Every structure is written in structure tokens, then in C-alpha cells.
$ cat final_38.csv   # CSV, C-alpha atoms and all ligand atoms
chain,number,residue,atom,x,y,z
M,1,MET,CA,-12.3,-6.6,46.9
M,2,GLY,CA,-11.0,-3.2,45.5
M,3,ARG,CA,-13.1,-1.0,43.3
M,4,THR,CA,-12.0,-0.8,39.7
M,5,PRO,CA,-11.4,2.8,38.7
M,6,PHE,CA,-13.7,4.2,36.1
M,7,ILE,CA,-12.8,7.0,33.7
M,8,ALA,CA,-15.7,8.4,31.6
M,9,GLY,CA,-15.4,11.1,28.9
M,10,ASN,CA,-18.4,13.5,28.6
M,11,TRP,CA,-18.1,14.9,25.1
M,12,LYS,CA,-21.1,17.3,25.7
M,13,MET,CA,-22.3,18.9,22.5
M,14,PHE,CA,-19.1,18.3,20.5
M,15,LYS,CA,-18.1,16.1,17.6
M,16,THR,CA,-19.9,15.2,14.4
M,17,ILE,CA,-20.3,11.5,13.5
M,18,PRO,CA,-17.1,11.5,11.3
M,19,GLU,CA,-15.2,13.2,14.1
M,20,ALA,CA,-16.5,10.8,16.7
M,21,VAL,CA,-15.7,7.8,14.6
M,22,SER,CA,-12.1,8.8,13.9
M,23,PHE,CA,-11.6,9.6,17.6
M,24,VAL,CA,-12.7,6.2,18.9
M,25,ARG,CA,-10.7,4.4,16.2
M,26,ALA,CA,-7.6,6.2,17.5
M,27,LEU,CA,-8.7,5.6,21.1
M,28,LYS,CA,-9.1,1.9,20.6
M,29,SER,CA,-5.6,1.5,19.2
M,30,SER,CA,-4.1,3.6,22.0
M,31,LEU,CA,-5.8,1.4,24.6
M,32,THR,CA,-5.0,-2.1,23.4
M,33,GLY,CA,-4.3,-4.3,26.4
M,34,LEU,CA,-6.5,-2.1,28.6
M,35,SER,CA,-6.8,-3.6,32.1
M,36,GLY,CA,-7.3,-2.5,35.7
M,37,VAL,CA,-9.4,0.4,34.6
M,38,GLU,CA,-12.9,0.8,33.1
M,39,VAL,CA,-13.2,3.4,30.3
M,40,ALA,CA,-16.3,4.9,28.7
M,41,VAL,CA,-17.0,7.6,26.1
M,42,CYS,CA,-20.2,9.5,26.2
M,43,PRO,CA,-20.8,11.1,22.7
M,44,PRO,CA,-23.9,13.1,21.6
M,45,PHE,CA,-26.9,10.9,20.8
M,46,THR,CA,-26.3,11.1,17.1
M,47,ALA,CA,-22.9,9.4,17.3
M,48,LEU,CA,-23.8,6.7,19.8
M,49,ALA,CA,-24.6,3.8,17.4
M,50,PRO,CA,-21.6,4.3,15.1
M,51,VAL,CA,-19.2,4.7,18.0
M,52,ALA,CA,-20.6,1.6,19.7
M,53,GLU,CA,-20.2,-0.3,16.5
M,54,ILE,CA,-16.5,0.5,16.4
M,55,LEU,CA,-15.9,-0.1,20.1
M,56,ARG,CA,-17.7,-3.4,20.2
M,57,GLY,CA,-15.5,-6.0,21.9
M,58,SER,CA,-12.8,-3.4,22.7
M,59,GLY,CA,-13.6,-3.2,26.4
M,60,ILE,CA,-14.3,0.5,26.0
M,61,ALA,CA,-17.9,1.3,27.0
M,62,VAL,CA,-20.3,3.7,25.5
M,63,GLY,CA,-22.6,6.0,27.4
M,64,ALA,CA,-25.2,8.6,26.7
M,65,GLN,CA,-25.4,12.1,28.3
M,66,ASP,CA,-29.0,11.9,29.3
M,67,VAL,CA,-32.1,9.6,29.1
M,68,PHE,CA,-35.8,9.9,29.6
M,69,TRP,CA,-37.5,7.6,32.2
M,70,GLU,CA,-40.3,6.1,30.0
M,71,GLU,CA,-39.6,3.2,27.7
M,72,ARG,CA,-41.6,4.5,24.8
M,73,GLY,CA,-44.5,6.8,24.0
M,74,ALA,CA,-45.5,10.3,22.8
M,75,TYR,CA,-42.6,12.2,24.3
M,76,THR,CA,-41.2,14.3,21.4
M,77,GLY,CA,-37.5,14.7,21.5
M,78,GLU,CA,-36.8,12.2,24.3
M,79,VAL,CA,-34.7,9.1,24.2
M,80,SER,CA,-35.5,6.0,26.3
M,81,PRO,CA,-33.2,3.6,28.2
M,82,LEU,CA,-34.3,0.9,25.8
M,83,MET,CA,-33.2,3.0,22.8
M,84,LEU,CA,-29.8,3.6,24.4
M,85,LYS,CA,-29.3,-0.1,24.9
M,86,ASP,CA,-30.4,-0.6,21.3
M,87,ALA,CA,-27.7,1.9,20.2
M,88,GLY,CA,-25.0,0.0,22.2
M,89,CYS,CA,-24.8,1.9,25.4
M,90,SER,CA,-24.0,0.4,28.8
M,91,CYS,CA,-24.1,3.5,30.9
M,92,VAL,CA,-25.6,7.0,30.9
M,93,ILE,CA,-24.8,10.3,32.6
M,94,ILE,CA,-27.8,11.6,34.6
M,95,GLY,CA,-28.2,14.9,36.4
M,96,HIS,CA,-25.1,16.7,35.0
M,97,SER,CA,-25.0,20.2,36.4
M,98,GLU,CA,-25.5,21.6,32.9
M,99,ARG,CA,-28.8,19.8,32.7
M,100,ARG,CA,-29.8,20.9,36.2
M,101,GLN,CA,-28.9,24.5,35.4
M,102,PHE,CA,-30.2,24.9,31.8
M,103,PHE,CA,-32.9,22.2,31.4
M,104,GLY,CA,-34.7,22.1,34.8
M,105,GLU,CA,-33.4,18.8,35.9
M,106,SER,CA,-34.7,18.4,39.5
M,107,ASP,CA,-33.6,15.7,42.0
M,108,GLU,CA,-36.9,14.0,41.4
M,109,LYS,CA,-36.3,13.8,37.7
M,110,VAL,CA,-32.8,12.5,38.3
M,111,ASN,CA,-34.2,9.8,40.6
M,112,ARG,CA,-36.7,8.7,38.0
M,113,LYS,CA,-34.0,8.5,35.3
M,114,VAL,CA,-31.7,6.6,37.6
M,115,LYS,CA,-34.4,4.0,38.3
M,116,ALA,CA,-35.3,3.7,34.6
M,117,ALA,CA,-31.7,3.3,33.6
M,118,LEU,CA,-31.1,0.5,36.2
M,119,ALA,CA,-34.3,-1.2,35.3
M,120,CYS,CA,-33.0,-1.5,31.7
M,121,GLY,CA,-29.5,-2.7,32.8
M,122,LEU,CA,-27.7,0.7,32.1
M,123,THR,CA,-25.2,1.9,34.7
M,124,PRO,CA,-26.3,5.4,35.8
M,125,ILE,CA,-23.4,8.0,36.3
M,126,MET,CA,-25.3,10.2,38.6
M,127,CYS,CA,-23.8,13.7,39.0
M,128,VAL,CA,-24.0,15.8,42.2
M,129,GLY,CA,-22.1,18.9,43.2
M,130,GLU,CA,-22.3,22.3,44.8
M,131,THR,CA,-22.1,25.8,43.2
M,132,LEU,CA,-19.4,28.3,44.3
M,133,VAL,CA,-21.9,30.3,46.3
M,134,GLN,CA,-23.0,27.1,48.1
M,135,ARG,CA,-19.4,26.2,48.9
M,136,GLU,CA,-18.7,29.7,50.2
M,137,ASN,CA,-21.7,29.5,52.4
M,138,GLY,CA,-20.4,26.3,53.9
M,139,ILE,CA,-23.3,24.2,52.7
M,140,THR,CA,-21.4,21.8,50.3
M,141,GLU,CA,-22.3,18.7,52.4
M,142,LYS,CA,-25.9,19.7,52.8
M,143,VAL,CA,-26.3,20.2,49.0
M,144,VAL,CA,-24.4,17.2,47.9
M,145,GLY,CA,-26.1,15.1,50.6
M,146,GLU,CA,-29.6,16.1,49.6
M,147,GLN,CA,-28.8,15.4,45.9
M,148,THR,CA,-27.3,12.0,46.7
M,149,GLU,CA,-30.1,10.9,48.9
M,150,ALA,CA,-32.9,12.1,46.6
M,151,GLY,CA,-31.2,10.7,43.5
M,152,LEU,CA,-30.8,7.2,45.1
M,153,SER,CA,-34.2,7.3,46.8
M,154,GLY,CA,-36.2,4.0,46.6
M,155,LEU,CA,-33.3,1.9,45.4
M,156,SER,CA,-32.4,-1.4,47.1
M,157,PRO,CA,-28.9,-1.6,48.5
M,158,GLU,CA,-27.9,-3.9,45.6
M,159,GLN,CA,-29.3,-1.4,43.0
M,160,ALA,CA,-27.5,1.5,44.8
M,161,ALA,CA,-24.2,-0.4,44.7
M,162,GLY,CA,-24.5,-0.4,40.9
M,163,VAL,CA,-24.8,3.3,40.5
M,164,VAL,CA,-21.7,5.4,39.8
M,165,ILE,CA,-21.8,8.8,41.5
M,166,ALA,CA,-19.8,11.6,40.0
M,167,TYR,CA,-19.0,14.4,42.4
M,168,GLU,CA,-18.6,17.5,40.3
M,169,PRO,CA,-18.3,20.8,42.0
M,170,VAL,CA,-20.1,23.1,39.6
M,171,TRP,CA,-17.4,25.8,40.0
M,172,ALA,CA,-14.7,23.4,38.8
M,173,ILE,CA,-16.5,22.3,35.5
M,174,GLY,CA,-14.9,23.8,32.4
M,175,THR,CA,-13.3,26.5,34.4
M,176,GLY,CA,-9.7,25.1,34.8
M,177,LYS,CA,-10.2,25.3,38.6
M,178,THR,CA,-9.9,21.8,40.1
M,179,ALA,CA,-10.9,21.0,43.6
M,180,SER,CA,-7.7,20.1,45.6
M,181,ASP,CA,-7.1,16.4,46.1
M,182,GLU,CA,-8.0,16.8,49.7
M,183,ASP,CA,-11.2,18.8,49.1
M,184,ALA,CA,-12.4,16.2,46.6
M,185,GLN,CA,-11.5,13.3,48.9
M,186,GLN,CA,-13.3,14.9,51.8
M,187,VAL,CA,-16.6,15.4,49.9
M,188,ILE,CA,-16.4,12.0,48.3
M,189,ALA,CA,-15.7,10.3,51.7
M,190,PHE,CA,-18.7,12.2,53.0
M,191,ILE,CA,-20.8,10.8,50.1
M,192,ARG,CA,-19.6,7.3,50.9
M,193,ARG,CA,-20.5,7.7,54.6
M,194,LEU,CA,-23.9,8.8,53.6
M,195,VAL,CA,-24.4,5.8,51.4
M,196,ASN,CA,-23.2,3.7,54.3
M,197,ASP,CA,-25.9,5.3,56.6
M,198,LEU,CA,-28.6,4.8,53.9
M,199,TYR,CA,-27.7,1.4,52.4
M,200,GLY,CA,-25.2,-0.2,54.7
M,201,PHE,CA,-21.5,-1.0,54.6
M,202,GLY,CA,-21.6,-3.5,51.7
M,203,THR,CA,-23.1,-0.9,49.4
M,204,ALA,CA,-20.8,1.9,50.5
M,205,GLU,CA,-17.7,-0.3,50.0
M,206,ARG,CA,-18.9,-1.2,46.4
M,207,ILE,CA,-20.3,2.0,45.1
M,208,ARG,CA,-17.9,3.9,42.8
M,209,ILE,CA,-17.6,7.6,43.2
M,210,GLN,CA,-15.8,9.7,40.6
M,211,TYR,CA,-14.5,13.2,40.8
M,212,GLY,CA,-15.2,15.6,37.9
M,213,GLY,CA,-14.2,19.2,37.2
M,214,SER,CA,-11.2,20.2,35.1
M,215,VAL,CA,-9.4,16.8,35.4
M,216,LYS,CA,-6.3,16.8,33.2
M,217,PRO,CA,-3.3,14.4,32.8
M,218,GLY,CA,-1.4,16.6,35.2
M,219,ASN,CA,-3.8,16.5,38.1
M,220,ALA,CA,-5.4,13.1,37.6
M,221,ALA,CA,-2.8,10.9,39.4
M,222,GLY,CA,-3.0,13.0,42.6
M,223,LEU,CA,-6.8,12.9,42.7
M,224,LEU,CA,-7.0,9.2,41.8
M,225,ALA,CA,-4.5,8.3,44.5
M,226,ARG,CA,-7.0,9.4,47.2
M,227,PRO,CA,-8.6,6.4,48.9
M,228,ASP,CA,-12.3,7.3,48.1
M,229,ILE,CA,-11.9,8.6,44.6
M,230,ASP,CA,-12.7,5.8,42.2
M,231,GLY,CA,-12.2,7.5,38.8
M,232,ALA,CA,-13.1,10.6,36.9
M,233,LEU,CA,-15.8,12.1,34.8
M,234,VAL,CA,-13.8,14.2,32.3
M,235,GLY,CA,-15.3,16.9,30.1
M,236,GLY,CA,-12.9,19.1,28.0
M,237,ALA,CA,-9.8,16.8,28.3
M,238,SER,CA,-11.8,13.8,27.0
M,239,LEU,CA,-12.1,15.5,23.6
M,240,GLU,CA,-8.4,15.0,22.7
M,241,ILE,CA,-6.8,11.6,22.5
M,242,GLU,CA,-3.6,12.6,24.2
M,243,SER,CA,-5.2,14.2,27.3
M,244,PHE,CA,-7.9,11.5,27.6
M,245,VAL,CA,-5.3,8.7,27.4
M,246,GLY,CA,-3.0,10.5,29.8
M,247,ILE,CA,-5.8,10.5,32.4
M,248,ILE,CA,-6.6,6.8,31.8
M,249,ARG,CA,-2.9,6.0,32.2
M,250,ALA,CA,-2.9,7.9,35.5
M,251,ALA,CA,-5.6,5.5,36.7
M,252,ALA,CA,-3.8,2.3,35.4
M,253,PRO,CA,-0.2,3.1,34.9
M,254,GLY,CA,0.5,-0.3,33.4
M,255,ILE,CA,-1.2,0.6,30.1
M,301,LIG,C1,-18.0,17.6,32.9
M,301,LIG,O1,-18.6,18.2,32.0
M,301,LIG,O2,-18.5,16.6,33.5
M,301,LIG,C2,-16.7,18.1,33.3
M,301,LIG,C3,-16.1,17.6,34.4
M,301,LIG,O3,-16.1,19.0,32.5
M,301,LIG,P1,-14.5,19.5,32.6
M,301,LIG,O4,-13.7,18.3,32.7
M,301,LIG,O5,-14.3,20.2,31.2
M,301,LIG,O6,-14.4,20.5,33.7
$ encode --input "final_38.csv" --output "C-alpha cells"
Amino acid sequence: MGRTPFIAGNWKMFKTIPEAVSFVRALKSSLTGLSGVEVAVCPPFTALAPVAEILRGSGIAVGAQDVFWEERGAYTGEVSPLMLKDAGCSCVIIGHSERRQFFGESDEKVNRKVKAALACGLTPIMCVGETLVQRENGITEKVVGEQTEAGLSGLSPEQAAGVVIAYEPVWAIGTGKTASDEDAQQVIAFIRRLVNDLYGFGTAERIRIQYGGSVKPGNAAGLLARPDIDGALVGGASLEIESFVGIIRAAAPGI
């Protein structure tokens, strides 16, 4: 059975509630008859509930950009997996490089968040990726391998199969530099082999691995045609209807 491609838009810290609402209204009407591809938008926390309300029943999923691992308690400023479910989310980005870089997100924290999301029925989109210096030093596989293994640590093969991994080379995020189709395929195939070694063939065949880093309508088809690339995590190009829909169409040309 083939893996359904998954295109997720990471809006980062952009869009007010009215902007988010008018965007998803337009997205919904652009994507009527959506099939053969899964789509999610990941707005800021403030817009999650109104966006989910509009998208209910549309087949377009809603995700958050971060989550805390506890269900409730005295954790000022944090949002729990239960609260994300309550707001209408079905997925959540975890360990984005911006969180690793600016907010001290360690592999151990990523792992706790992945486990908490799964326990609550949310699909984690777990981000991994090397910096430019790490790539130039030839340690891309070492870095990405360690992040993947640590992030998935303690999961059953069945749980691991339900995680979406987003391979996002840090040097390609928001820079306009995309990894070549071949470079992205190579690293993603490496991640799949690692999942095979850790959790077995069935999990490796089922787990979806996205590419992220300056994906645009013009480069999406080439990336998505590669055998191990199961979709895209899109930042900048997910903020405009035309470019986001262009990428989604590249994943499912019938739409
Ligand atoms: C991202 O933030 O996950 C991302 C891939 O950003 P961009 O598409 O803008 O490079």
C-alpha cells in the first residue's frame, strides 16, 4: 500500500485571526474535491479554534506549531495536547529548527512531546535537519540520525509508524535555497533505513517523511517525485493561497 503524500503549511508567527479565517475560507474553496493528498495548515495558537471551525468536514487538517508534554497543570504559557485536541487540531509540529535554535528544544524534549502528542491521538510532525556547518563537515547523517533516534525513542513500532518526520535542512529554511531533489532523497532514504533498523520493515514502509526548506510550486513536483519523499512541510509559500495550492497540486495533480 502506497503512502499518501502529506503537505503541511507552517505559518510560523504570521496571520491574525481575521487573516487566518479569510485564508482558510479561500483555501477550502480552492481544494474542493481534494483527494490523493493530505493537507494541513498550522496557524499560531490564537487562530487554531476559529480555523478548525471553518475547516471542519473539509478534509483539511489543522495542526499546532508546538505543544507541551503535560496534560494540565501550573505551566504558565504552555499548551497541552488535550487543549490542542479541544481546539480542533489533529496534528502538531514538534522540534522545528527555530524552536531548537531559539527556545532550547532538545532531543529529549522533542521525544517527550512526541510521546505526549501520540498519547492524545495527535499526529506529531517531528522535524530533524542539519545546519550548513554540519553539512559542510560531512556529518549530516550523524546529526539527522541522532535526532531521529532520540525523537522516536521508546515508541512501539506501531506508534513510530504514526509519526510524520519532516527532514528540514536548517540552511534551506526561509533562505530560498532548496536541497536538490537528489540530496533530499538521499537523506530521507537514510532516515527510512534507520527506521527500518530500529522498528522493522513494516514501520519503515508506513512512516511518512516530508521534505521542508524553501519548497515552492516550481520545485515541489521534482522533490515529490522522489520515491522516499512523502510530502512537504512548507513555511513561506504556505502563507499565500496561490503558492500553497500550487504545491498541493504538485502532490496530487488531479485536483
Ligand atoms: C519551515 O518553516 O518549516 C520551512 C520549511 O520554511 P520555508 O518553506 O519558508 O523554508
$ residues_near_ligand --input "final_38.csv" --ligand "ligand LIG 301 (chain M)" --cutoff "6 Å" --atoms "all atoms listed in the file" --output "CSV table (one decimal) with C-alpha atoms, in the coordinates of the input"
chain,number,residue,atom,x,y,z
M,10,ASN,CA,-18.4,13.5,28.6
M,172,ALA,CA,-14.7,23.4,38.8
M,173,ILE,CA,-16.5,22.3,35.5
M,174,GLY,CA,-14.9,23.8,32.4
M,212,GLY,CA,-15.2,15.6,37.9
M,213,GLY,CA,-14.2,19.2,37.2
M,214,SER,CA,-11.2,20.2,35.1
M,215,VAL,CA,-9.4,16.8,35.4
M,233,LEU,CA,-15.8,12.1,34.8
M,234,VAL,CA,-13.8,14.2,32.3
M,235,GLY,CA,-15.3,16.9,30.1
M,236,GLY,CA,-12.9,19.1,28.0
$ closest_residue --input "final_38.csv" --among "M:Cys120, M:Val170, M:Glu108, M:Ser180" --to "M:Val133" --atoms "all atoms listed in the file"
M:Val170
$ atom_distance --input "final_38.csv" --atom1 "atom CA of M:Gly77" --atom2 "atom CA of M:Pro44"
13.7 Å
$ atom_distance --input "final_38.csv" --atom1 "atom CA of M:Val51" --atom2 "atom CA of M:Glu242"
18.6 Å
$ residues_around --input "final_38.csv" --residues "stretch 80-94 of chain M" --least-positions-apart "4" --cutoff "8 Å" --atoms "only C-alpha atoms" --output "PDB file with C-alpha atoms, in the coordinates of the input"
ATOM      1  CA  CYS M  42     -20.200   9.500  26.200  1.00  0.00           C
ATOM      2  CA  LEU M  48     -23.800   6.700  19.800  1.00  0.00           C
ATOM      3  CA  ALA M  49     -24.600   3.800  17.400  1.00  0.00           C
ATOM      4  CA  ALA M  52     -20.600   1.600  19.700  1.00  0.00           C
ATOM      5  CA  GLU M  53     -20.200  -0.300  16.500  1.00  0.00           C
ATOM      6  CA  ALA M  61     -17.900   1.300  27.000  1.00  0.00           C
ATOM      7  CA  VAL M  62     -20.300   3.700  25.500  1.00  0.00           C
ATOM      8  CA  GLY M  63     -22.600   6.000  27.400  1.00  0.00           C
ATOM      9  CA  ALA M  64     -25.200   8.600  26.700  1.00  0.00           C
ATOM     10  CA  GLN M  65     -25.400  12.100  28.300  1.00  0.00           C
ATOM     11  CA  ASP M  66     -29.000  11.900  29.300  1.00  0.00           C
ATOM     12  CA  VAL M  67     -32.100   9.600  29.100  1.00  0.00           C
ATOM     13  CA  PHE M  68     -35.800   9.900  29.600  1.00  0.00           C
ATOM     14  CA  TRP M  69     -37.500   7.600  32.200  1.00  0.00           C
ATOM     15  CA  GLU M  70     -40.300   6.100  30.000  1.00  0.00           C
ATOM     16  CA  GLU M  71     -39.600   3.200  27.700  1.00  0.00           C
ATOM     17  CA  ARG M  72     -41.600   4.500  24.800  1.00  0.00           C
ATOM     18  CA  VAL M 110     -32.800  12.500  38.300  1.00  0.00           C
ATOM     19  CA  LYS M 113     -34.000   8.500  35.300  1.00  0.00           C
ATOM     20  CA  VAL M 114     -31.700   6.600  37.600  1.00  0.00           C
ATOM     21  CA  ALA M 116     -35.300   3.700  34.600  1.00  0.00           C
ATOM     22  CA  ALA M 117     -31.700   3.300  33.600  1.00  0.00           C
ATOM     23  CA  CYS M 120     -33.000  -1.500  31.700  1.00  0.00           C
ATOM     24  CA  GLY M 121     -29.500  -2.700  32.800  1.00  0.00           C
ATOM     25  CA  LEU M 122     -27.700   0.700  32.100  1.00  0.00           C
ATOM     26  CA  THR M 123     -25.200   1.900  34.700  1.00  0.00           C
ATOM     27  CA  PRO M 124     -26.300   5.400  35.800  1.00  0.00           C
ATOM     28  CA  ILE M 125     -23.400   8.000  36.300  1.00  0.00           C
ATOM     29  CA  MET M 126     -25.300  10.200  38.600  1.00  0.00           C
ATOM     30  CA  CYS M 127     -23.800  13.700  39.000  1.00  0.00           C
TER      31      CYS M 127
END
$ residues_near_point --input "final_38.csv" --point "(-18.5, 8.2, 44.8)" --cutoff "6 Å" --atoms "all atoms listed in the file" --output "ChimeraX atom specification"
/M:165,188,208-210
$ atom_distance --input "final_38.csv" --atom1 "atom CA of M:Arg112" --atom2 "atom CA of M:Leu152"
9.4 Å
$ closest_residue --input "final_38.csv" --among "M:Asp183, M:Leu223, M:Val37, M:Gln159" --to "M:Ala119" --atoms "all atoms listed in the file"
M:Gln159
$ decode --input "final_38.csv" --residues "stretch 70-81 of chain M" --atoms "all heavy atoms" --output "compact mmCIF listing (two decimals), in the first residue's frame"
# COMPACT_ATOMS: atom_id res chain seq x y z
N GLU M 70 2.81 17.89 29.26
CA GLU M 70 1.86 17.58 30.34
C GLU M 70 0.43 17.85 29.88
O GLU M 70 0.21 18.68 29.01
CB GLU M 70 2.16 18.42 31.58
CG GLU M 70 3.51 18.15 32.23
CD GLU M 70 3.60 16.79 32.89
OE1 GLU M 70 2.56 16.15 33.13
OE2 GLU M 70 4.75 16.35 33.16
N GLU M 71 -0.51 17.17 30.51
CA GLU M 71 -1.92 17.36 30.12
C GLU M 71 -2.52 18.64 30.67
O GLU M 71 -3.36 19.28 30.06
CB GLU M 71 -2.75 16.17 30.62
CG GLU M 71 -3.15 15.27 29.50
CD GLU M 71 -4.10 14.17 29.93
OE1 GLU M 71 -4.93 14.38 30.84
OE2 GLU M 71 -3.99 13.09 29.35
N ARG M 72 -2.11 18.98 31.91
CA ARG M 72 -2.60 20.19 32.56
C ARG M 72 -1.68 20.49 33.74
O ARG M 72 -0.86 19.65 34.11
CB ARG M 72 -4.04 20.02 33.06
CG ARG M 72 -4.24 18.89 34.04
CD ARG M 72 -5.68 18.81 34.53
NE ARG M 72 -6.61 18.50 33.45
CZ ARG M 72 -6.81 17.28 32.94
NH1 ARG M 72 -6.13 16.24 33.42
NH2 ARG M 72 -7.66 17.08 31.97
N GLY M 73 -1.79 21.69 34.29
CA GLY M 73 -1.01 21.99 35.49
C GLY M 73 -0.46 23.39 35.49
O GLY M 73 -0.79 24.22 34.64
N ALA M 74 0.39 23.67 36.48
CA ALA M 74 0.95 25.00 36.66
C ALA M 74 2.16 25.17 35.75
O ALA M 74 3.32 25.04 36.18
CB ALA M 74 1.32 25.20 38.13
N TYR M 75 1.91 25.40 34.47
CA TYR M 75 2.98 25.55 33.47
C TYR M 75 2.66 26.80 32.64
O TYR M 75 2.22 26.70 31.49
CB TYR M 75 3.07 24.31 32.57
CG TYR M 75 3.33 23.04 33.34
CD1 TYR M 75 2.31 22.12 33.58
CD2 TYR M 75 4.60 22.78 33.86
CE1 TYR M 75 2.54 20.97 34.30
CE2 TYR M 75 4.85 21.62 34.58
CZ TYR M 75 3.81 20.74 34.80
OH TYR M 75 4.05 19.60 35.53
N THR M 76 2.84 27.95 33.25
CA THR M 76 2.43 29.21 32.64
C THR M 76 2.93 29.36 31.20
O THR M 76 4.12 29.19 30.94
CB THR M 76 2.95 30.39 33.49
OG1 THR M 76 2.43 30.23 34.81
CG2 THR M 76 2.51 31.74 32.92
N GLY M 77 2.01 29.63 30.32
CA GLY M 77 2.37 29.89 28.93
C GLY M 77 2.34 28.67 28.04
O GLY M 77 2.44 28.80 26.82
N GLU M 78 2.21 27.48 28.63
CA GLU M 78 2.25 26.27 27.81
C GLU M 78 0.85 25.83 27.37
O GLU M 78 -0.15 26.22 27.97
CB GLU M 78 2.93 25.13 28.58
CG GLU M 78 4.40 25.37 28.87
CD GLU M 78 5.25 25.46 27.62
OE1 GLU M 78 4.94 24.78 26.62
OE2 GLU M 78 6.24 26.21 27.63
N VAL M 79 0.80 25.00 26.34
CA VAL M 79 -0.46 24.49 25.81
C VAL M 79 -0.34 22.97 25.71
O VAL M 79 0.64 22.45 25.17
CB VAL M 79 -0.76 25.11 24.42
CG1 VAL M 79 -2.03 24.54 23.83
CG2 VAL M 79 -0.87 26.63 24.53
N SER M 80 -1.33 22.26 26.23
CA SER M 80 -1.22 20.80 26.31
C SER M 80 -1.80 20.11 25.07
O SER M 80 -2.60 20.71 24.34
CB SER M 80 -1.96 20.29 27.55
OG SER M 80 -3.35 20.29 27.31
N PRO M 81 -1.46 18.84 24.87
CA PRO M 81 -2.04 18.09 23.74
C PRO M 81 -3.56 18.06 23.81
O PRO M 81 -4.25 18.20 22.80
CB PRO M 81 -1.46 16.68 23.90
CG PRO M 81 -0.24 16.84 24.73
CD PRO M 81 -0.46 18.04 25.61
